[in-house]
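*Asks:* Provided herewith is a single structure, encoded as structure tokens, for subsequent inquiry.
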Amino acid sequence: MDLLKPHAGVTGADNLRGAILLAIAAVLFTLEATLVRATAPLANEAQIVFFRSAAQLALSLVILWRIGDWGRLATSRPGLHIIRGLTSLSMWWLYYASFRLLDLALATTLTFTTSLFVVALAAPLLGEHVGRVRWAATIIGFVGIAVAVGPAADVSIHGVGIGLLAAAGGAAIVILNRLLGRTENTMTIMTWIGVVTTIGSTPVAWLLWEPLALRDAALVCLTGLLGAFGMLLTIEAYRVGEASALAPVPYIRFVVAAVVGMVFFGETPGAALLIGASLVVGASILAVRHEMRQGLTAPHR
């Protein structure tokens, strides 16, 4: 993988390879969420976020070492990188908390609303024109969330609120990626994220640290690595494939999450969640396809 190359356009795009990479990333993100749930009695969110940050930094440094170009760390926009890193730090915390409070399928569905929040943020932050298609997709998507968490569903409203805040943070990351992407390459962005999140998470993890057995520490570390590799594969997928063609692929996460939830945690998605998730996924695909036609950077965590 050459993460220093620009994203693929229509010419020379390899959508099959991109779809495979994105599907693998979806599985990795679901495994990450599964471990977050499984390690709940063993480690707190502060430790999970610290290991996720350290994994991001370690992976980025290894890639820079392999390509032998440490000059990629140089930037003329340190302030924006710091904001990007702090946004990831906050979003990871909320993201992991939502998967500990909600069923895997519902928490996964809430992550799909990121593309809907992007529509709301694009106009005031980027000065973009938000047309009828984008607003219609956004309204349909949030109606789907209302159905999924409505009176017919037995869910934690607190957890839903946290999940939606995480999705809104994800939308902010998309906007920041677009701003940084005008002058910065992928490895510069990834490495700065690792630096900022590791520095930011270390003091909190130190204060809230809970003793971990070697096996438990290995599981928490694996959680961080799965998230970091999932991000890397996502970036590579959008580099080799057309974003509009790949738009439906990430939504296989719902199916994977639903199966994992049923098999390992005894969670059965109800009719309200299935109907709501269908509306959210359909609206998100519509919004993402439209966004990518406008040239918006693919979302990364």
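The way I read the labels, and the way they are meant: chains A, B, ... in the order of the structure tokens, residue 1 as the first residue of every chain, and ligand 1 as the first ligand shown, with later ones counted on from there.
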Skip Ile275 of chain A itself and residues of its chain fewer than 6 positions away, then list as a compact mmCIF listing (two decimals) with N, CA and C atoms, in the first residue's frame all residues within 12 Å of it, counting only C-alpha atoms.
*Replies:*
```txt
# COMPACT_ATOMS: atom_id res chain seq x y z
N LEU A 106 -27.49 -1.79 17.20
CA LEU A 106 -27.98 -0.42 17.34
C LEU A 106 -26.81 0.57 17.37
N THR A 109 -25.61 1.03 13.95
CA THR A 109 -26.53 1.86 13.17
C THR A 109 -26.29 3.34 13.43
N ILE A 140 -34.73 11.70 6.24
CA ILE A 140 -35.12 10.28 6.24
C ILE A 140 -34.25 9.50 7.23
N GLY A 141 -32.96 9.79 7.25
CA GLY A 141 -32.06 9.08 8.15
C GLY A 141 -32.40 9.30 9.61
N VAL A 143 -35.31 10.21 10.77
CA VAL A 143 -36.59 9.52 11.01
C VAL A 143 -36.32 8.05 11.33
N GLY A 144 -35.37 7.46 10.60
CA GLY A 144 -34.99 6.07 10.87
C GLY A 144 -34.46 5.89 12.28
N ILE A 145 -33.64 6.84 12.76
CA ILE A 145 -33.14 6.77 14.14
C ILE A 145 -34.30 6.86 15.13
N ALA A 146 -35.25 7.76 14.85
CA ALA A 146 -36.41 7.90 15.74
C ALA A 146 -37.20 6.60 15.82
N VAL A 147 -37.33 5.91 14.68
CA VAL A 147 -38.03 4.62 14.65
C VAL A 147 -37.24 3.58 15.45
N ALA A 148 -35.92 3.54 15.22
CA ALA A 148 -35.08 2.53 15.87
C ALA A 148 -35.05 2.67 17.38
N VAL A 149 -35.15 3.89 17.90
CA VAL A 149 -35.05 4.11 19.34
C VAL A 149 -36.36 4.59 19.93
N GLY A 150 -37.46 4.45 19.17
CA GLY A 150 -38.75 4.95 19.62
C GLY A 150 -39.38 4.09 20.71
N ALA A 152 -41.31 1.70 20.64
CA ALA A 152 -41.37 0.25 20.37
C ALA A 152 -40.07 -0.45 20.69
N ALA A 153 -39.01 0.33 20.93
CA ALA A 153 -37.69 -0.26 21.18
C ALA A 153 -37.30 -0.07 22.65
N PRO A 269 -32.10 -8.27 17.20
CA PRO A 269 -32.66 -7.00 16.71
C PRO A 269 -34.17 -7.09 16.55
N VAL A 281 -29.63 3.35 6.70
CA VAL A 281 -28.67 2.88 5.70
C VAL A 281 -29.02 3.42 4.32
N GLY A 282 -30.30 3.35 3.95
CA GLY A 282 -30.72 3.86 2.64
C GLY A 282 -30.43 5.35 2.50
```
*Asks:* Return as JSON lines the residues of segment 45-82 of chain A lying at most 12 Å from segment 31-38 of chain A, together with the closest atom-to-atom pair for each and the distance in Å to one decimal, counting only C-alpha atoms, with rows in chain order and ascending residue number.
*Replies:*
```
{"residue": "A:Glu45", "atom": "CA", "partner": "A:Val36", "partner_atom": "CA", "distance": 8.6}
{"residue": "A:Ala46", "atom": "CA", "partner": "A:Val36", "partner_atom": "CA", "distance": 11.7}
{"residue": "A:Gln47", "atom": "CA", "partner": "A:Val36", "partner_atom": "CA", "distance": 10.7}
{"residue": "A:Ile48", "atom": "CA", "partner": "A:Val36", "partner_atom": "CA", "distance": 7.6}
{"residue": "A:Val49", "atom": "CA", "partner": "A:Val36", "partner_atom": "CA", "distance": 10.3}
{"residue": "A:Phe51", "atom": "CA", "partner": "A:Val36", "partner_atom": "CA", "distance": 11.6}
{"residue": "A:Arg52", "atom": "CA", "partner": "A:Glu32", "partner_atom": "CA", "distance": 10.1}
```
*Asks:* Just to be explicit: take each residue in the selection above, keep C-alpha atoms, and write the result as a tab-separated table (two decimals), in the first residue's frame.
*Replies:*
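Generated output (out-v4.tsv):
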```tsv
chain	number	residue	atom	x	y	z
A	45	GLU	CA	-12.75	3.59	28.50
A	46	ALA	CA	-9.65	5.59	29.41
A	47	GLN	CA	-7.46	2.51	28.97
A	48	ILE	CA	-9.21	1.51	25.75
A	49	VAL	CA	-8.69	4.98	24.26
A	51	PHE	CA	-4.28	1.71	23.68
A	52	ARG	CA	-6.19	2.83	20.56
```
*Asks:* So how many Å separate atom CA of Thr108 of chain A and atom CA of Leu176 of chain A, to one decimal?
*Replies:*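 Spanning atom CA of Thr108 of chain A to atom CA of Leu176 of chain A is a straight-line distance of 22.4 Å.
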*Asks:* Given the choices A:Ala171, A:Leu286, A:Val256, A:Ala277, which gets closest to Ala25 of chain A if the distance is worked out from only C-alpha atoms?
*Replies:* A:Val256
*Asks:* Given only C-alpha atoms as the basis, pick out the residue of A:Trp93, A:Leu42, A:Gly18, A:Phe117 nearest to Val204 of chain A.
*Replies:*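 Ranked by minimum distance to Val204 of chain A, first place goes to A:Trp93.
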*Asks:* Skipping near chain neighbours, those fewer than 5 positions away, what residues fall within 9 Å of Leu110 of chain A using only C-alpha atoms, listed as a PyMOL selection string?
*Replies:* chain A and resi 105+145+160+163-164+166-167+277+280
*Asks:* My list of candidates is A:Asn15, A:Ser88, A:Thr138, A:Thr114. Which is closest to Val195 of chain A when distances are computed with only C-alpha atoms?
*Replies:* A:Ser88
*Asks:* Given only C-alpha atoms as the basis, pick out the residue of A:Pro248, A:Pro41, A:Gly181, A:Gly71 nearest to Phe112 of chain A.
*Replies:*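 Using only C-alpha atoms, Phe112 of chain A sits closest to A:Pro248.
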*Asks:* Determine, for each residue of segment 39-107 of chain A having at least one atom at most 12 Å from an atom of segment 232-242 of chain A, the closest pair of atoms and their separation in Å to one decimal, counting only C-alpha atoms; order by chain and ascending number, as CSV.
*Replies:*
```
residue,atom,partner,partner_atom,distance
A:Ala55,CA,A:Leu232,CA,11.6
A:Gln56,CA,A:Leu232,CA,9.4
A:Leu59,CA,A:Leu232,CA,9.1
A:Ser60,CA,A:Leu232,CA,9.3
A:Ile63,CA,A:Leu232,CA,10.6
```
*Asks:* Quick one, how far is atom CA of Thr202 of chain A from atom CA of Leu101 of chain A?
*Replies:* 23.9 Å
